[in-house]
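K.L.:
Got a structure for you, target_0.tsv, holding TSV, C-alpha atoms and all ligand atoms.
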```
chain	number	residue	atom	x	y	z
A	9	MET	CA	-26.64	20.24	-27.38
A	10	ASN	CA	-24.45	20.63	-30.46
A	11	PHE	CA	-22.97	23.86	-31.76
A	12	ASN	CA	-25.74	24.60	-34.36
A	13	THR	CA	-28.51	24.15	-31.82
A	14	ALA	CA	-26.70	26.53	-29.50
A	15	ILE	CA	-26.63	29.24	-32.17
A	16	ILE	CA	-30.35	28.76	-32.98
A	17	PHE	CA	-31.12	28.89	-29.29
A	18	ALA	CA	-29.21	32.16	-28.95
A	19	LYS	CA	-30.56	33.90	-32.08
A	20	GLY	CA	-34.13	32.64	-32.21
A	21	GLY	CA	-37.17	34.60	-31.02
A	22	MET	CA	-38.87	34.08	-27.68
A	23	ARG	CA	-41.50	31.77	-29.17
A	24	TYR	CA	-38.93	29.58	-30.80
A	25	ASN	CA	-36.89	29.53	-27.60
A	26	LEU	CA	-39.92	28.34	-25.64
A	27	HIS	CA	-40.51	25.63	-28.21
A	28	VAL	CA	-36.89	24.45	-27.94
A	29	LEU	CA	-37.06	24.65	-24.17
A	30	LYS	CA	-40.17	22.44	-24.12
A	31	GLN	CA	-38.43	19.94	-26.37
A	32	ILE	CA	-35.42	19.93	-24.07
A	33	LEU	CA	-37.54	19.51	-20.95
A	34	LYS	CA	-39.26	16.47	-22.50
A	35	LYS	CA	-35.90	14.74	-22.80
A	36	PRO	CA	-33.82	14.52	-19.63
A	37	VAL	CA	-30.55	13.72	-21.44
A	38	PRO	CA	-30.51	16.92	-23.59
A	39	LEU	CA	-31.47	18.83	-20.44
A	40	LEU	CA	-28.37	17.51	-18.70
A	41	ILE	CA	-26.23	18.39	-21.71
A	42	SER	CA	-27.70	21.93	-21.75
A	43	ALA	CA	-27.00	22.34	-18.05
A	44	GLY	CA	-23.44	21.13	-18.63
A	45	PHE	CA	-23.04	23.62	-21.48
A	46	VAL	CA	-24.21	26.53	-19.30
A	47	PHE	CA	-21.89	25.41	-16.49
A	48	ALA	CA	-18.94	25.16	-18.91
A	49	CYS	CA	-19.70	28.68	-20.20
A	50	ALA	CA	-19.81	29.98	-16.63
A	51	LEU	CA	-16.44	28.36	-15.88
A	52	LEU	CA	-14.96	29.83	-19.06
A	53	ILE	CA	-16.16	33.35	-18.16
A	54	MET	CA	-14.86	32.97	-14.59
A	55	SER	CA	-11.45	31.84	-15.85
A	56	LEU	CA	-11.24	34.83	-18.21
A	57	TYR	CA	-11.77	37.23	-15.31
A	58	ALA	CA	-9.33	35.50	-12.94
A	59	THR	CA	-6.20	37.60	-12.58
A	60	ASP	CA	-3.85	35.28	-10.67
A	61	SER	CA	-2.89	31.80	-11.75
A	62	PRO	CA	-5.10	29.32	-9.85
A	63	THR	CA	-2.11	27.37	-8.49
A	64	LEU	CA	-0.72	30.40	-6.72
A	65	LYS	CA	-4.06	31.78	-5.64
A	66	ILE	CA	-4.74	28.95	-3.21
A	67	PHE	CA	-1.90	30.02	-0.95
A	68	SER	CA	-2.71	33.69	-0.61
A	69	SER	CA	-3.60	36.64	-2.79
A	70	ALA	CA	-0.14	38.15	-2.33
A	71	ASN	CA	1.63	34.82	-3.01
A	72	THR	CA	3.25	34.90	0.40
A	73	ILE	CA	3.13	32.06	2.88
A	74	ARG	CA	4.00	31.65	6.54
A	75	LEU	CA	5.65	28.39	7.60
A	76	GLN	CA	3.68	26.29	10.12
A	77	ALA	CA	6.15	23.48	10.84
A	78	ALA	CA	8.76	23.88	13.58
A	79	ARG	CA	11.47	23.58	10.95
A	80	THR	CA	11.26	23.55	7.16
A	81	VAL	CA	14.04	22.46	4.84
A	82	VAL	CA	14.82	24.52	1.74
A	83	ARG	CA	16.52	22.63	-1.11
A	84	ASN	CA	17.99	23.74	-4.42
A	85	GLY	CA	15.46	21.70	-6.42
A	86	PRO	CA	11.97	20.14	-6.12
A	87	GLY	CA	12.85	16.76	-4.52
A	88	PRO	CA	14.41	15.21	-1.41
A	89	MET	CA	17.73	14.39	-3.11
A	90	TYR	CA	18.59	18.00	-3.94
A	91	ASP	CA	21.12	19.77	-1.71
A	92	GLN	CA	19.87	21.44	1.43
A	93	LEU	CA	20.22	25.24	1.37
A	94	ALA	CA	18.66	26.23	4.70
A	95	ILE	CA	16.40	25.19	7.56
A	96	LEU	CA	13.77	27.82	8.31
A	97	PRO	CA	11.87	28.34	11.59
A	98	ARG	CA	8.12	28.46	12.19
A	99	ASN	CA	6.41	31.71	11.12
A	100	GLN	CA	9.06	32.50	8.51
A	101	ARG	CA	7.42	34.32	5.61
A	102	LEU	CA	8.23	33.31	2.04
A	103	THR	CA	7.25	34.49	-1.42
A	104	VAL	CA	6.00	31.74	-3.73
A	105	LEU	CA	7.57	32.00	-7.17
A	106	ASN	CA	6.59	28.71	-8.76
A	107	ARG	CA	5.05	25.33	-8.11
A	108	ALA	CA	5.96	21.85	-9.44
A	109	HIS	CA	4.27	18.55	-8.53
A	110	GLY	CA	3.63	19.51	-4.91
A	111	TRP	CA	6.84	21.49	-4.36
A	112	LEU	CA	7.01	25.27	-4.06
A	113	GLN	CA	9.81	27.46	-5.34
A	114	VAL	CA	10.16	30.25	-2.81
A	115	ARG	CA	12.15	33.39	-2.09
A	116	ILE	CA	13.27	33.98	1.47
A	117	GLY	CA	12.71	37.61	2.47
A	118	ALA	CA	12.28	40.50	0.04
A	119	ARG	CA	15.43	39.96	-2.01
A	120	GLY	CA	16.77	36.79	-0.46
A	121	ASP	CA	17.83	33.38	-1.69
A	122	GLU	CA	15.56	31.18	-3.74
A	123	GLY	CA	14.91	27.49	-3.11
A	124	TRP	CA	12.27	24.76	-2.96
A	125	ILE	CA	10.16	23.40	-0.10
A	126	ALA	CA	7.81	20.39	0.09
A	127	GLY	CA	4.35	21.94	-0.30
A	128	TRP	CA	2.46	19.26	1.66
A	129	HIS	CA	4.07	20.36	4.91
A	130	LEU	CA	2.26	23.68	4.65
A	131	ASP	CA	-1.14	22.04	4.94
A	132	ASN	CA	-0.48	20.55	8.36
A	133	SER	CA	0.44	22.80	11.27
A	134	SER	CA	1.14	19.74	13.45
A	135	THR	CA	4.00	18.56	11.22
A	136	SER	CA	6.72	17.70	13.67
A	137	GLY	CA	9.41	19.56	11.76
A	138	THR	CA	11.31	16.46	10.75
A	139	THR	CA	14.19	17.55	8.60
A	140	ASP	CA	15.39	14.28	7.13
A	141	ARG	CA	15.01	13.51	3.45
A	142	MET	CA	12.31	10.92	4.16
A	143	ALA	CA	9.97	13.74	5.27
A	144	GLU	CA	10.22	15.22	1.78
A	145	ALA	CA	9.77	11.99	-0.15
A	146	THR	CA	6.74	11.17	-2.28
A	147	ILE	CA	5.96	7.45	-2.07
A	148	VAL	CA	3.39	5.74	-4.29
A	149	LEU	CA	1.88	2.56	-2.80
A	150	ASP	CA	0.08	0.26	-5.20
A	151	ALA	CA	-2.38	-2.39	-3.96
A	152	GLY	CA	-2.12	-5.12	-6.60
A	153	HIS	CA	-5.28	-6.16	-8.52
A	154	GLY	CA	-8.79	-4.94	-7.57
A	155	GLY	CA	-12.34	-4.82	-8.91
A	156	SER	CA	-12.93	-7.56	-11.49
A	157	ASP	CA	-9.36	-8.83	-11.05
A	158	PRO	CA	-9.17	-10.81	-7.79
A	159	GLY	CA	-5.49	-11.74	-8.15
A	160	SER	CA	-4.31	-14.97	-6.51
A	161	LEU	CA	-6.71	-17.24	-4.70
A	162	ALA	CA	-6.21	-19.08	-1.44
A	163	VAL	CA	-6.36	-22.87	-1.18
A	164	ASP	CA	-9.80	-22.99	0.39
A	165	GLY	CA	-11.80	-20.37	-1.47
A	166	THR	CA	-12.62	-19.41	-5.01
A	167	THR	CA	-15.67	-17.16	-4.74
A	168	ASP	CA	-15.37	-15.57	-1.30
A	169	PRO	CA	-13.51	-12.21	-1.53
A	170	ARG	CA	-12.00	-12.95	1.85
A	171	TYR	CA	-9.74	-15.37	-0.01
A	172	PHE	CA	-8.73	-12.99	-2.79
A	173	GLU	CA	-5.30	-11.41	-3.15
A	174	LYS	CA	-6.86	-8.00	-3.96
A	175	THR	CA	-8.42	-7.89	-0.47
A	176	TYR	CA	-5.09	-8.30	1.32
A	177	THR	CA	-3.09	-6.00	-0.94
A	178	LEU	CA	-5.52	-3.17	-0.10
A	179	LYS	CA	-5.45	-3.90	3.64
A	180	THR	CA	-1.64	-3.96	3.50
A	181	VAL	CA	-1.15	-0.64	1.67
A	182	ARG	CA	-3.48	1.06	4.15
A	183	GLN	CA	-1.39	-0.26	7.04
A	184	ILE	CA	1.82	0.86	5.32
A	185	ARG	CA	0.32	4.32	4.70
A	186	ASP	CA	-0.55	4.61	8.40
A	187	ALA	CA	2.90	3.41	9.44
A	188	LEU	CA	4.46	6.13	7.25
A	189	ALA	CA	2.22	8.93	8.57
A	190	SER	CA	4.65	10.08	11.28
A	191	THR	CA	7.60	10.30	8.86
A	192	GLY	CA	6.24	13.38	7.07
A	193	ALA	CA	6.51	11.69	3.67
A	194	ARG	CA	3.74	12.27	1.12
A	195	VAL	CA	2.06	8.91	0.55
A	196	ILE	CA	-0.14	8.32	-2.50
A	197	LEU	CA	-2.28	5.19	-2.91
A	198	THR	CA	-2.97	4.11	-6.49
A	199	ARG	CA	-6.32	2.78	-5.24
A	200	ASN	CA	-8.08	3.02	-1.88
A	201	SER	CA	-11.15	0.95	-2.77
A	202	ASP	CA	-11.99	-2.29	-4.55
A	203	ARG	CA	-11.50	-1.12	-8.13
A	204	LEU	CA	-9.41	-2.15	-11.10
A	205	LEU	CA	-6.82	0.20	-12.56
A	206	TRP	CA	-6.69	-0.78	-16.22
A	207	PRO	CA	-4.74	-0.50	-18.42
A	208	LEU	CA	-1.73	-0.77	-16.13
A	209	SER	CA	-0.36	2.52	-17.49
A	210	LYS	CA	-2.91	4.17	-15.18
A	211	ILE	CA	-0.74	2.97	-12.27
A	212	THR	CA	2.59	4.15	-13.68
A	213	ASP	CA	0.96	7.47	-14.68
A	214	ILE	CA	0.25	8.17	-10.99
A	215	SER	CA	3.99	8.05	-10.20
A	216	LYS	CA	4.64	10.42	-13.09
A	217	LYS	CA	1.88	12.81	-12.04
A	218	TYR	CA	3.20	13.15	-8.50
A	219	HIS	CA	6.87	12.89	-9.50
A	220	ALA	CA	7.24	10.04	-7.00
A	221	ASP	CA	10.56	9.20	-5.38
A	222	ALA	CA	9.70	5.54	-4.75
A	223	PHE	CA	7.07	3.15	-6.14
A	224	ILE	CA	6.06	0.06	-4.19
A	225	SER	CA	3.53	-2.44	-5.52
A	226	ILE	CA	2.18	-4.91	-2.96
A	227	HIS	CA	1.14	-8.44	-3.99
A	228	TYR	CA	0.61	-11.90	-2.57
A	229	ASP	CA	2.00	-14.82	-4.51
A	230	ASN	CA	0.55	-17.93	-6.02
A	231	PHE	CA	2.10	-21.20	-7.27
A	232	GLN	CA	0.39	-23.69	-9.59
A	233	VAL	CA	0.63	-26.42	-6.96
A	234	ALA	CA	-0.97	-25.50	-3.63
A	235	ASN	CA	1.34	-25.53	-0.60
A	236	ALA	CA	4.37	-26.18	-2.81
A	237	ALA	CA	5.95	-22.70	-2.45
A	238	SER	CA	6.41	-20.27	0.43
A	239	GLY	CA	8.14	-16.99	1.13
A	240	VAL	CA	8.54	-13.28	0.48
A	241	THR	CA	10.19	-11.94	-2.71
A	242	GLU	CA	11.38	-8.39	-3.52
A	243	TYR	CA	11.22	-7.87	-7.30
A	244	TYR	CA	13.04	-5.20	-9.28
A	245	TYR	CA	13.20	-4.76	-13.07
A	246	HIS	CA	15.82	-2.07	-13.74
A	247	ARG	CA	19.24	-2.96	-12.41
A	248	ASP	CA	21.52	-0.37	-14.03
A	249	THR	CA	19.17	2.58	-13.99
A	250	SER	CA	16.67	4.04	-11.51
A	251	ASN	CA	18.24	2.36	-8.43
A	252	SER	CA	15.41	-0.20	-8.28
A	253	TYR	CA	17.86	-3.05	-7.65
A	254	GLU	CA	19.32	-1.18	-4.68
A	255	LEU	CA	15.86	-0.35	-3.30
A	256	ALA	CA	14.78	-4.02	-3.53
A	257	ASN	CA	17.90	-5.07	-1.61
A	258	THR	CA	17.47	-2.35	1.01
A	259	ILE	CA	13.91	-3.53	1.64
A	260	LYS	CA	15.02	-7.17	1.77
A	261	ASP	CA	17.66	-6.27	4.38
A	262	HIS	CA	15.00	-4.63	6.59
A	263	PHE	CA	12.47	-7.46	6.45
A	264	THR	CA	14.08	-8.90	9.56
A	265	ASN	CA	10.95	-9.48	11.67
A	266	LEU	CA	8.84	-11.52	9.27
A	267	PRO	CA	7.86	-15.08	10.23
A	268	ILE	CA	7.91	-16.13	6.55
A	269	ALA	CA	11.22	-16.97	4.82
A	270	ASN	CA	12.73	-14.43	2.42
A	271	ARG	CA	13.42	-15.63	-1.13
A	272	GLY	CA	15.59	-12.58	-1.74
A	273	ALA	CA	15.62	-9.68	-4.20
A	274	GLN	CA	15.01	-11.02	-7.71
A	275	PHE	CA	14.53	-9.79	-11.26
A	276	GLY	CA	10.84	-9.72	-12.24
A	277	ASP	CA	9.32	-8.69	-15.56
A	278	PHE	CA	6.18	-6.93	-14.30
A	279	TYR	CA	4.67	-4.00	-16.19
A	280	VAL	CA	4.34	-1.64	-13.21
A	281	ILE	CA	8.06	-1.83	-12.38
A	282	ARG	CA	9.31	-2.27	-15.96
A	283	GLU	CA	7.52	0.86	-17.26
A	284	SER	CA	8.64	2.87	-14.27
A	285	TYR	CA	11.75	5.03	-14.26
A	286	LEU	CA	12.09	5.80	-10.58
A	287	PRO	CA	13.16	3.39	-7.80
A	288	SER	CA	10.41	0.78	-8.14
A	289	VAL	CA	9.80	-2.61	-6.54
A	290	LEU	CA	7.05	-5.21	-6.51
A	291	LEU	CA	6.82	-7.06	-3.21
A	292	GLU	CA	5.24	-10.52	-3.00
A	293	MET	CA	4.55	-10.79	0.73
A	294	GLY	CA	3.85	-14.55	0.95
A	295	TYR	CA	1.96	-17.23	-0.96
A	296	LEU	CA	-1.81	-16.98	-0.78
A	297	ASN	CA	-2.20	-20.65	-1.76
A	298	ASN	CA	0.17	-21.84	0.92
A	299	THR	CA	-1.86	-22.62	4.03
A	300	ASN	CA	0.93	-21.61	6.39
A	301	ASP	CA	1.71	-18.30	4.62
A	302	PHE	CA	-2.01	-17.55	4.33
A	303	GLN	CA	-2.49	-17.80	8.08
A	304	TYR	CA	0.00	-14.94	8.45
A	305	ILE	CA	-1.38	-12.95	5.48
A	306	GLN	CA	-4.83	-12.97	7.11
A	307	SER	CA	-3.54	-11.57	10.41
A	308	ASP	CA	-3.38	-7.84	11.10
A	309	SER	CA	-0.20	-8.33	13.11
A	310	TYR	CA	1.70	-9.91	10.20
A	311	ARG	CA	0.71	-7.06	7.89
A	312	GLN	CA	1.64	-4.56	10.61
A	313	THR	CA	5.10	-6.13	10.84
A	314	VAL	CA	5.42	-5.80	7.06
A	315	ALA	CA	4.42	-2.11	7.35
A	316	ASN	CA	6.85	-1.39	10.19
A	317	ASP	CA	9.80	-3.11	8.50
A	318	LEU	CA	9.02	-1.30	5.25
A	319	ARG	CA	8.93	2.06	7.07
A	320	ASN	CA	12.39	1.33	8.51
A	321	ALA	CA	13.61	0.30	5.06
A	322	LEU	CA	12.33	3.50	3.44
A	323	GLU	CA	13.82	5.71	6.15
A	324	ASP	CA	17.18	4.02	5.60
A	325	TRP	CA	16.74	4.31	1.83
A	326	PHE	CA	15.97	8.03	1.71
A	327	ASN	CA	18.24	9.14	4.56
A	328	ASN	CA	21.29	6.93	4.04
A	329	VAL	CA	21.34	4.61	1.04
A	330	GLN	CA	20.09	6.76	-1.84
A	331	PRO	CA	22.09	9.93	-0.97
A	332	LYS	CA	25.29	7.86	-1.21
A	333	LEU	CA	24.21	6.33	-4.54
A	334	LYS	CA	23.62	9.80	-5.94
A	335	LYS	CA	27.22	10.82	-5.18
A	336	THR	CA	28.67	7.83	-7.03
A	337	GLU	CA	26.72	8.48	-10.23
A	401	ZN	ZN	-0.57	-10.17	-7.57
```
Represent the structure of the file as structure tokens.
Ligand SMILES: [Zn+2]
P.N.:
Amino acid sequence: MNFNTAIIFAKGGMRYNLHVLKQILKKPVPLLISAGFVFACALLIMSLYATDSPTLKIFSSANTIRLQAARTVVRNGPGPMYDQLAILPRNQRLTVLNRAHGWLQVRIGARGDEGWIAGWHLDNSSTSGTTDRMAEATIVLDAGHGGSDPGSLAVDGTTDPRYFEKTYTLKTVRQIRDALASTGARVILTRNSDRLLWPLSKITDISKKYHADAFISIHYDNFQVANAASGVTEYYYHRDTSNSYELANTIKDHFTNLPIANRGAQFGDFYVIRESYLPSVLLEMGYLNNTNDFQYIQSDSYRQTVANDLRNALEDWFNNVQPKLKKTE
């Protein structure tokens, strides 16, 4: 329904309204548009009568919260690298002053200090109360390719999805996500199904939206000659900014349990790490068209080893490596 029709519909007599209604009912598409228009009007009216901002309302009407975790860290800014101001116990009440990409700015007590806490720890009363920086990190995991883009192909298959790179990148990011669950970090997957994210800016936009602290894109490699190349490579793009070079090397140093050789941290001109201004790496976890590498890639236990080593690397990165880098800047 366009604007003019809406006015006629509103001002016209009952007979005319019935006529328009019959016309609408004859055509299912205009009916859907009309229903959408009514729904949009209802939403608009509801938003006009809402008194609190919707972001604050979800926590409580009085904008106060009670901490569920055994211990909650308060920092002087919305991210894990800001200085720690306090560690608060379970049941501590806080006033919410502001909210930014998953973090809450809070006041402790009636007239107390102000600081920031990681908002995702409030949703889970079983959070162990980990107080290291890793628990406050937001990590974006990207499963390379997907949907109409299969990625690399294995030696033996061209049409069977079991031989597509996109299948193994998705399996791998899910295993990494599960391996990170106990750390308390917020883990975001760019895709959790067989779909294509295109253009590639859709992937880098996810890191921006969540204000991610690390971006990791998972791939499996391919060489023009089958069985002619083997190994794992940690790619970075930015060397002098964003600490991507240091993150790639930290991950390389923790891939100590892999049965496939490591080709080392290398420069790679890939969109998702080039157009990314946070610590960002693209990991090629073996060659899909190398029969030996592919045997490992297909096995759950290889991918689990990748996930475990990467968890150790990220814990070292957030708790030890990156805090020292920050001081030297
Ligand atoms: Zn790939």
K.L.:
Find the spatial neighbours of region 167-176 of chain A, counting all atoms listed in the file, within a cut-off of 8 Å - ignore same-chain residues fewer than 5 positions away - and output them as a PyMOL selection string.
P.N.:
chain A and resi 151-154+157-162+202+227-228+296+305-306
K.L.:
Name the closest residue to ligand ZN 401 (chain A) among the candidates A:Tyr244, A:Phe263, A:Tyr304, A:Phe278; distances are taken between atoms, counting all atoms listed in the file.
P.N.:
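Counting all atoms listed in the file, the residue closest to ligand ZN 401 (chain A) is A:Phe278.
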K.L.:
Please determine, counting all atoms listed in the file, which residue among A:Pro287, A:Pro88, A:Gly127, A:Gly294 has the shortest atom-to-atom distance to ligand ZN 401 (chain A).
P.N.:
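Of all the options, A:Gly294 lies closest to ligand ZN 401 (chain A).
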K.L.:
Measuring atom to atom with all atoms listed in the file, identify which of A:Asp229, A:Asp221, A:Asp164, A:Glu254 is nearest to ligand ZN 401 (chain A).
P.N.:
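Of the candidates, the smallest distance to ligand ZN 401 (chain A) is held by A:Asp229.
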K.L.:
Tell me which protein, DNA and RNA residues are within 10 Å of Asn320 (chain A), counting only C-alpha atoms, leaving out same-chain ones fewer than 3 positions away, and put them as a PDB file with C-alpha atoms, in the frame of the given file.
P.N.:
```pdb
ATOM      1  CA  ALA A 187       2.900   3.410   9.440  1.00  0.00           C
ATOM      2  CA  LEU A 188       4.460   6.130   7.250  1.00  0.00           C
ATOM      3  CA  THR A 258      17.470  -2.350   1.010  1.00  0.00           C
ATOM      4  CA  ILE A 259      13.910  -3.530   1.640  1.00  0.00           C
ATOM      5  CA  HIS A 262      15.000  -4.630   6.590  1.00  0.00           C
ATOM      6  CA  PHE A 263      12.470  -7.460   6.450  1.00  0.00           C
ATOM      7  CA  ALA A 315       4.420  -2.110   7.350  1.00  0.00           C
ATOM      8  CA  ASN A 316       6.850  -1.390  10.190  1.00  0.00           C
ATOM      9  CA  ASP A 317       9.800  -3.110   8.500  1.00  0.00           C
ATOM     10  CA  GLU A 323      13.820   5.710   6.150  1.00  0.00           C
ATOM     11  CA  ASP A 324      17.180   4.020   5.600  1.00  0.00           C
ATOM     12  CA  TRP A 325      16.740   4.310   1.830  1.00  0.00           C
TER      13      TRP A 325
END
```
K.L.:
So the first atom is CA of Leu333 (chain A) and the second is CA of Arg83 (chain A); what is the distance between them in Å, to one decimal place?
P.N.:
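According to the coordinates, CA of Leu333 (chain A) and CA of Arg83 (chain A) are separated by 18.3 Å.
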K.L.:
Just how far from CA of Met293 (chain A) is CA of Glu144 (chain A), in Å to one decimal?
P.N.:
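Those two atoms sit 26.6 Å apart.
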K.L.:
Select, from A:Tyr295, A:Tyr90, A:Trp128, A:Phe223, the residue with the minimum atom-to-atom distance to ligand ZN 401 (chain A), counting only C-alpha atoms and all ligand atoms.
P.N.:
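Ranked by minimum distance to ligand ZN 401 (chain A), first place goes to A:Tyr295.
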K.L.:
One decimal, Å: what's the distance from CA of His219 (chain A) over to CA of Gln312 (chain A), could you say?
P.N.:
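Distance between the two atoms: 27.1 Å.
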K.L.:
Take the point (14.5, 33.4, 3.1) in the file's coordinates, draw a sphere of radius 10 Å around it, and report as a list in words every protein, DNA or RNA residue with an atom inside or on it, counting only C-alpha atoms.
P.N.:
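Using only C-alpha atoms, the matching residues come out as Val82, Ala94, Ile95, Leu96, Gln100, Arg101, Leu102, Thr103, Val114, Arg115, Ile116, Gly117, Ala118, Arg119, Gly120, Asp121, Glu122 and Gly123 of chain A.
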K.L.:
Excluding Ser284 (chain A) and any residue of its chain fewer than 6 positions from it, enumerate the residues within 9 Å of it, using all atoms listed in the file, and give them as a compact mmCIF listing (two decimals) with C-alpha atoms, in the frame of the given file.
P.N.:
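Full text of result_30.txt as output:
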```
# COMPACT_ATOMS: atom_id res chain seq x y z
CA THR A 212 2.59 4.15 -13.68
CA ASP A 213 0.96 7.47 -14.68
CA SER A 215 3.99 8.05 -10.20
CA LYS A 216 4.64 10.42 -13.09
CA PHE A 223 7.07 3.15 -6.14
CA TYR A 245 13.20 -4.76 -13.07
CA HIS A 246 15.82 -2.07 -13.74
CA SER A 250 16.67 4.04 -11.51
```
K.L.:
Show which residues sit within 10 Å of Asp140 (chain A), as an MDAnalysis selection string. Count all atoms listed in the file, and ignore same-chain residues fewer than 3 positions away.
P.N.:
chainID A and resid 81 88 137 143:145 191:193 323 326:328
K.L.:
Ranking A:Leu286, A:Leu197, A:Val233, A:Val280 by minimum distance to ligand ZN 401 (chain A) and counting only C-alpha atoms and all ligand atoms, which one comes first?
P.N.:
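Residue with the minimum atom-to-atom distance to ligand ZN 401 (chain A): A:Val280.
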K.L.:
Excluding same-chain residues fewer than 3 positions from Thr80 (chain A), what lies within 9 Å of it counting all atoms listed in the file, as a list of chain:residue names?
P.N.:
A:Leu75, A:Gln76, A:Ala77, A:Ala94, A:Ile95, A:Leu96, A:Pro97, A:Arg98, A:Ile125, A:Ala126, A:His129, A:Gly137, A:Thr138, A:Thr139
K.L.:
Looking at only C-alpha atoms, which of A:Asn251, A:Gly276, A:Thr180, A:Arg271 is the one that sits closest to Ser309 (chain A)?
P.N.:
A:Thr180
